[in-house]
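What follows is the content of model.cif, which has mmCIF, C-alpha atoms and all ligand atoms:
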data_model
#
loop_
_atom_site.label_atom_id
_atom_site.label_comp_id
_atom_site.auth_asym_id
_atom_site.auth_seq_id
_atom_site.Cartn_x
_atom_site.Cartn_y
_atom_site.Cartn_z
CA MET A 3 20.35 38.00 3.64
CA LEU A 4 21.57 34.92 1.80
CA TYR A 5 22.33 33.35 5.16
CA PHE A 6 18.77 33.86 6.33
CA LYS A 7 17.40 32.60 3.08
CA ASN A 8 19.33 29.37 3.37
CA THR A 9 18.43 28.96 7.02
CA PHE A 10 14.82 29.45 6.09
CA LYS A 11 15.14 26.90 3.32
CA ILE A 12 16.62 24.38 5.72
CA PHE A 13 13.91 24.98 8.31
CA PHE A 14 11.28 24.83 5.64
CA THR A 15 12.64 21.54 4.35
CA ILE A 16 12.76 20.10 7.84
CA ALA A 17 9.22 21.29 8.53
CA VAL A 18 7.91 19.74 5.33
CA PHE A 19 9.71 16.54 6.17
CA LEU A 20 8.27 16.47 9.70
CA VAL A 21 4.74 17.13 8.53
CA ALA A 22 5.09 14.45 5.88
CA THR A 23 6.34 11.82 8.33
CA MET A 24 3.70 12.87 10.87
CA ASN A 25 0.98 12.30 8.31
CA PHE A 26 2.49 9.01 7.44
CA GLN A 27 2.52 8.07 11.12
CA LEU A 28 -1.13 9.10 11.51
CA ALA A 29 -2.09 7.06 8.47
CA ALA A 30 -0.21 4.07 9.85
CA ASP A 31 -1.89 4.45 13.26
CA SER A 32 -5.37 4.57 11.81
CA PHE A 33 -4.55 1.57 9.67
CA TYR A 34 -3.58 -0.43 12.74
CA GLN A 35 -6.58 0.78 14.70
CA LYS A 36 -8.74 -0.63 11.95
CA GLU A 37 -7.06 -3.96 12.47
CA SER A 38 -10.24 -5.29 13.87
CA GLY A 39 -11.26 -8.44 15.62
CA TYR A 40 -12.22 -9.74 12.21
CA ASN A 41 -8.61 -9.56 11.01
CA TYR A 42 -7.35 -11.20 14.18
CA TYR A 43 -10.01 -13.85 13.73
CA LEU A 44 -8.88 -14.49 10.15
CA ASP A 45 -5.27 -14.77 11.33
CA SER A 46 -5.82 -17.15 14.21
CA CYS A 47 -9.18 -18.90 13.98
CA ALA A 48 -10.56 -19.11 10.45
CA ALA A 49 -8.25 -21.93 9.30
CA CYS A 50 -10.21 -24.29 11.55
CA HIS A 51 -13.45 -22.49 12.44
CA ALA A 52 -13.96 -21.12 8.87
CA ILE A 53 -14.38 -17.51 7.81
CA ASP A 54 -18.08 -17.59 8.68
CA GLY A 55 -17.43 -19.30 12.04
CA LYS A 56 -19.39 -22.43 11.16
CA GLY A 57 -16.45 -24.73 11.94
CA ASN A 58 -15.54 -26.19 8.55
CA GLY A 59 -12.37 -24.24 7.78
CA PRO A 60 -9.73 -25.72 5.45
CA MET A 61 -7.78 -27.25 8.34
CA SER A 62 -10.80 -28.86 9.95
CA GLU A 63 -10.52 -32.03 7.85
CA LYS A 64 -7.15 -32.82 9.35
CA LEU A 65 -8.42 -32.69 12.91
CA THR A 66 -9.82 -35.50 15.02
CA HIS A 67 -12.53 -33.23 16.43
CA GLN A 68 -14.74 -30.95 14.40
CA PRO A 69 -14.00 -27.32 15.32
CA LYS A 70 -16.89 -25.75 17.17
CA ASP A 71 -19.53 -23.77 15.27
CA LEU A 72 -18.76 -20.39 16.81
CA THR A 73 -22.02 -18.78 15.68
CA LEU A 74 -24.06 -20.90 18.10
CA LEU A 75 -22.25 -20.09 21.34
CA ALA A 76 -24.94 -17.72 22.63
CA LYS A 77 -27.82 -19.90 21.45
CA GLU A 78 -26.37 -22.94 23.20
CA ASN A 79 -25.91 -20.93 26.35
CA GLY A 80 -29.54 -19.98 26.76
CA GLY A 81 -29.24 -16.85 24.61
CA SER A 82 -26.41 -15.14 26.46
CA PHE A 83 -22.94 -15.04 25.00
CA PRO A 84 -20.54 -16.96 27.32
CA GLU A 85 -17.83 -14.31 27.22
CA THR A 86 -15.70 -15.53 30.12
CA MET A 87 -15.71 -19.10 28.87
CA VAL A 88 -14.75 -17.99 25.35
CA TYR A 89 -11.99 -15.80 26.78
CA GLN A 90 -10.52 -18.73 28.67
CA ILE A 91 -10.83 -21.06 25.70
CA ILE A 92 -8.97 -18.62 23.44
CA ASP A 93 -6.31 -17.81 26.03
CA GLY A 94 -5.92 -21.50 26.80
CA ARG A 95 -3.38 -21.02 29.54
CA ARG A 96 -5.80 -21.45 32.41
CA VAL A 97 -8.21 -23.90 30.84
CA VAL A 98 -9.00 -26.92 32.95
CA LEU A 99 -8.26 -30.12 31.11
CA SER A 100 -11.83 -31.36 31.04
CA HIS A 101 -12.79 -28.38 28.88
CA GLY A 102 -12.03 -28.72 25.20
CA THR A 103 -9.21 -30.74 23.72
CA SER A 104 -5.57 -30.16 22.93
CA GLU A 105 -6.48 -29.43 19.31
CA MET A 106 -7.25 -25.82 20.18
CA PRO A 107 -3.95 -23.93 20.08
CA VAL A 108 -2.98 -22.16 23.30
CA TRP A 109 -3.35 -18.65 21.88
CA GLY A 110 -2.51 -16.86 25.09
CA ARG A 111 1.02 -18.14 24.87
CA ARG A 112 1.40 -17.30 21.17
CA PHE A 113 -0.17 -13.85 21.47
CA LYS A 114 2.23 -13.13 24.33
CA VAL A 115 5.13 -13.80 21.99
CA ILE A 116 3.58 -11.64 19.23
CA ASP A 117 2.26 -8.80 21.40
CA GLY A 118 4.91 -8.75 24.10
CA ASN A 119 2.77 -7.93 27.13
CA GLU A 120 -0.39 -9.06 28.90
CA GLN A 121 -2.41 -5.88 28.21
CA ALA A 122 -1.88 -6.30 24.47
CA VAL A 123 -2.80 -9.99 24.69
CA ASP A 124 -5.95 -9.02 26.58
CA ARG A 125 -6.82 -6.36 23.97
CA ARG A 126 -6.34 -8.80 21.11
CA ILE A 127 -8.48 -11.50 22.74
CA GLY A 128 -11.09 -8.83 23.54
CA LYS A 129 -11.25 -7.82 19.87
CA ILE A 130 -11.64 -11.44 18.77
CA ILE A 131 -14.43 -11.95 21.30
CA GLU A 132 -16.18 -8.78 20.06
CA TYR A 133 -16.06 -10.19 16.57
CA ILE A 134 -17.33 -13.64 17.57
CA GLU A 135 -20.12 -12.03 19.57
CA SER A 136 -21.12 -10.07 16.46
CA ILE A 137 -21.66 -13.26 14.43
CA GLN A 138 -23.96 -15.01 16.92
CA LEU A 139 -27.15 -16.41 15.46
CA GLN A 140 -30.36 -15.66 17.33
C1 LIG A 201 -6.06 -25.82 14.74
C2 LIG A 201 -7.48 -25.62 14.68
C3 LIG A 201 -8.12 -24.56 15.52
C4 LIG A 201 -7.83 -23.22 15.56
C5 LIG A 201 -6.77 -22.48 14.76
C6 LIG A 201 -8.77 -22.62 16.49
N1 LIG A 201 -9.59 -23.59 17.01
FE1 LIG A 201 -11.12 -23.30 18.28
N2 LIG A 201 -11.52 -25.29 18.31
C7 LIG A 201 -10.89 -26.23 17.53
C8 LIG A 201 -11.49 -27.53 17.76
C9 LIG A 201 -11.07 -28.83 17.08
C10 LIG A 201 -12.52 -27.34 18.69
C11 LIG A 201 -13.51 -28.36 19.25
C12 LIG A 201 -12.97 -29.38 20.14
C13 LIG A 201 -11.93 -28.83 21.03
O1 LIG A 201 -12.26 -28.13 21.98
O2 LIG A 201 -10.76 -29.14 20.74
C14 LIG A 201 -12.49 -25.90 19.03
C15 LIG A 201 -13.34 -25.33 19.94
C16 LIG A 201 -13.45 -23.98 20.16
C17 LIG A 201 -14.40 -23.36 21.07
C18 LIG A 201 -15.43 -24.08 21.92
C19 LIG A 201 -14.81 -24.78 23.08
C20 LIG A 201 -15.84 -25.48 23.94
O3 LIG A 201 -15.41 -26.18 24.82
O4 LIG A 201 -17.03 -25.31 23.72
C21 LIG A 201 -14.21 -22.03 20.99
C22 LIG A 201 -14.97 -20.94 21.73
C23 LIG A 201 -13.13 -21.79 20.03
N3 LIG A 201 -12.69 -23.01 19.57
C24 LIG A 201 -12.66 -20.57 19.68
C25 LIG A 201 -11.56 -20.36 18.85
C26 LIG A 201 -11.02 -19.07 18.54
C27 LIG A 201 -11.63 -17.75 18.98
C28 LIG A 201 -9.92 -19.25 17.78
C29 LIG A 201 -8.94 -18.21 17.28
C30 LIG A 201 -8.34 -17.36 18.27
C31 LIG A 201 -9.78 -20.69 17.56
N4 LIG A 201 -10.79 -21.32 18.24
C32 LIG A 201 -8.80 -21.27 16.80
C33 LIG A 201 -9.84 -26.01 16.66
C34 LIG A 201 -9.24 -24.78 16.43
#
What is this structure when it is put down as structure tokens?
Ligand code: HEC
Amino acid sequence: MLYFKNTFKIFFTIAVFLVATMNFQLAADSFYQKESGYNYYLDSCAACHAIDGKGNGPMSEKLTHQPKDLTLLAKENGGSFPETMVYQIIDGRRVVLSHGTSEMPVWGRRFKVIDGNEQAVDRRIGKIIEYIESIQLQ
């Protein structure tokens, strides 16, 4: 009887432990899922383009060119958001030299180091684009 009691105790302890770590894992997952384009934007873009996207972030004074006002991209493109162009600008690895200047970091290369694979890089850039699209002025 004692044997069973102890076995039960051990199983019970393990079960409690598993449920606890599972919950922790779920909480961690949902935290990372909430890591939205806004957070990625803050990490990678806001220093130059400012939190509100208007282009006067704290680093902008040190640059030769004023960072682009990212809230006007759709307006300047006849009302439609230039998604492909923005994707290529952010990625930076395939940008033709005539487009933009070398002051824009080549994020594709950096995200590859952070994220490890192309799908994750694509997802991250997609989230950033979603965010930028959401701050377009009419
Ligand atoms: C180190 C400063 C800096 C950071 C960080 C930065 N940018 Fe820029 N960005 C610039 C500057 C300066 C320009 C305008 C001139 C140029 O193209 O270099 C620009 C231009 C742009 C343009 C317009 C390009 C064009 O040709 O019209 C887009 C879109 C853009 N940035 C998006 C982003 C996004 C999204 C991020 C974050 C992933 C980001 N930038 C991070 C400095 C920066």
- Task: Around ligand LIG 201 (chain A), at most 8 Å away and counting only C-alpha atoms and all ligand atoms, which residues are there? Put them as a VMD selection string, please.
- Result: chain A and resid 42 to 43 45 to 51 61 to 62 65 to 72 75 87 to 89 91 to 92 101 to 107 109 127 130 to 131 134
Please dump the current selection as a PDB file, in the coordinates of the input; keep C-alpha atoms.
ATOM      1  CA  TYR A  42      -7.350 -11.200  14.180  1.00  0.00           C
ATOM      2  CA  TYR A  43     -10.010 -13.850  13.730  1.00  0.00           C
ATOM      3  CA  ASP A  45      -5.270 -14.770  11.330  1.00  0.00           C
ATOM      4  CA  SER A  46      -5.820 -17.150  14.210  1.00  0.00           C
ATOM      5  CA  CYS A  47      -9.180 -18.900  13.980  1.00  0.00           C
ATOM      6  CA  ALA A  48     -10.560 -19.110  10.450  1.00  0.00           C
ATOM      7  CA  ALA A  49      -8.250 -21.930   9.300  1.00  0.00           C
ATOM      8  CA  CYS A  50     -10.210 -24.290  11.550  1.00  0.00           C
ATOM      9  CA  HIS A  51     -13.450 -22.490  12.440  1.00  0.00           C
ATOM     10  CA  MET A  61      -7.780 -27.250   8.340  1.00  0.00           C
ATOM     11  CA  SER A  62     -10.800 -28.860   9.950  1.00  0.00           C
ATOM     12  CA  LEU A  65      -8.420 -32.690  12.910  1.00  0.00           C
ATOM     13  CA  THR A  66      -9.820 -35.500  15.020  1.00  0.00           C
ATOM     14  CA  HIS A  67     -12.530 -33.230  16.430  1.00  0.00           C
ATOM     15  CA  GLN A  68     -14.740 -30.950  14.400  1.00  0.00           C
ATOM     16  CA  PRO A  69     -14.000 -27.320  15.320  1.00  0.00           C
ATOM     17  CA  LYS A  70     -16.890 -25.750  17.170  1.00  0.00           C
ATOM     18  CA  ASP A  71     -19.530 -23.770  15.270  1.00  0.00           C
ATOM     19  CA  LEU A  72     -18.760 -20.390  16.810  1.00  0.00           C
ATOM     20  CA  LEU A  75     -22.250 -20.090  21.340  1.00  0.00           C
ATOM     21  CA  MET A  87     -15.710 -19.100  28.870  1.00  0.00           C
ATOM     22  CA  VAL A  88     -14.750 -17.990  25.350  1.00  0.00           C
ATOM     23  CA  TYR A  89     -11.990 -15.800  26.780  1.00  0.00           C
ATOM     24  CA  ILE A  91     -10.830 -21.060  25.700  1.00  0.00           C
ATOM     25  CA  ILE A  92      -8.970 -18.620  23.440  1.00  0.00           C
ATOM     26  CA  HIS A 101     -12.790 -28.380  28.880  1.00  0.00           C
ATOM     27  CA  GLY A 102     -12.030 -28.720  25.200  1.00  0.00           C
ATOM     28  CA  THR A 103      -9.210 -30.740  23.720  1.00  0.00           C
ATOM     29  CA  SER A 104      -5.570 -30.160  22.930  1.00  0.00           C
ATOM     30  CA  GLU A 105      -6.480 -29.430  19.310  1.00  0.00           C
ATOM     31  CA  MET A 106      -7.250 -25.820  20.180  1.00  0.00           C
ATOM     32  CA  PRO A 107      -3.950 -23.930  20.080  1.00  0.00           C
ATOM     33  CA  TRP A 109      -3.350 -18.650  21.880  1.00  0.00           C
ATOM     34  CA  ILE A 127      -8.480 -11.500  22.740  1.00  0.00           C
ATOM     35  CA  ILE A 130     -11.640 -11.440  18.770  1.00  0.00           C
ATOM     36  CA  ILE A 131     -14.430 -11.950  21.300  1.00  0.00           C
ATOM     37  CA  ILE A 134     -17.330 -13.640  17.570  1.00  0.00           C
TER      38      ILE A 134
END
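For the residues A:Asp93, A:Glu63, A:Glu85, A:Asp54, ranking by smallest atom-to-atom distance to Glu135 in chain A using all atoms listed in the file places A:Glu85 first.
Across the structure, CA of Thr73 in chain A and CA of Lys129 in chain A are spaced 15.9 Å apart.
Take CA of Leu74 in chain A and CA of Gln90 in chain A: the distance between them is 17.3 Å.
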- Which neighbours of Arg126 in chain A fall inside 9 Å, counting only C-alpha atoms, when residues of the same chain fewer than 6 positions from it are skipped, and could you give them as a VMD selection string? chain A and resid 38 to 39 42 113 117
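For the set A:Asn41, A:Gln140, A:Asn8, A:Asn58, the residue with the smallest atom-to-atom gap to Lys77 in chain A is A:Gln140, counting all atoms listed in the file.
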Around range 120-139 of chain A, with edges along x, y and z and 5 Å added on all six sides, what centre and edge lengths do you get, in Å to one decimal, as JSON?
{"center_x": -13.8, "center_y": -11.1, "center_z": 21.7, "size_x": 36.8, "size_y": 20.5, "size_z": 24.5}
- Message: Just the number, please: distance in Å from CA of Asn119 in chain A to CA of Gly94 in chain A, one decimal.
- Response: 16.1 Å
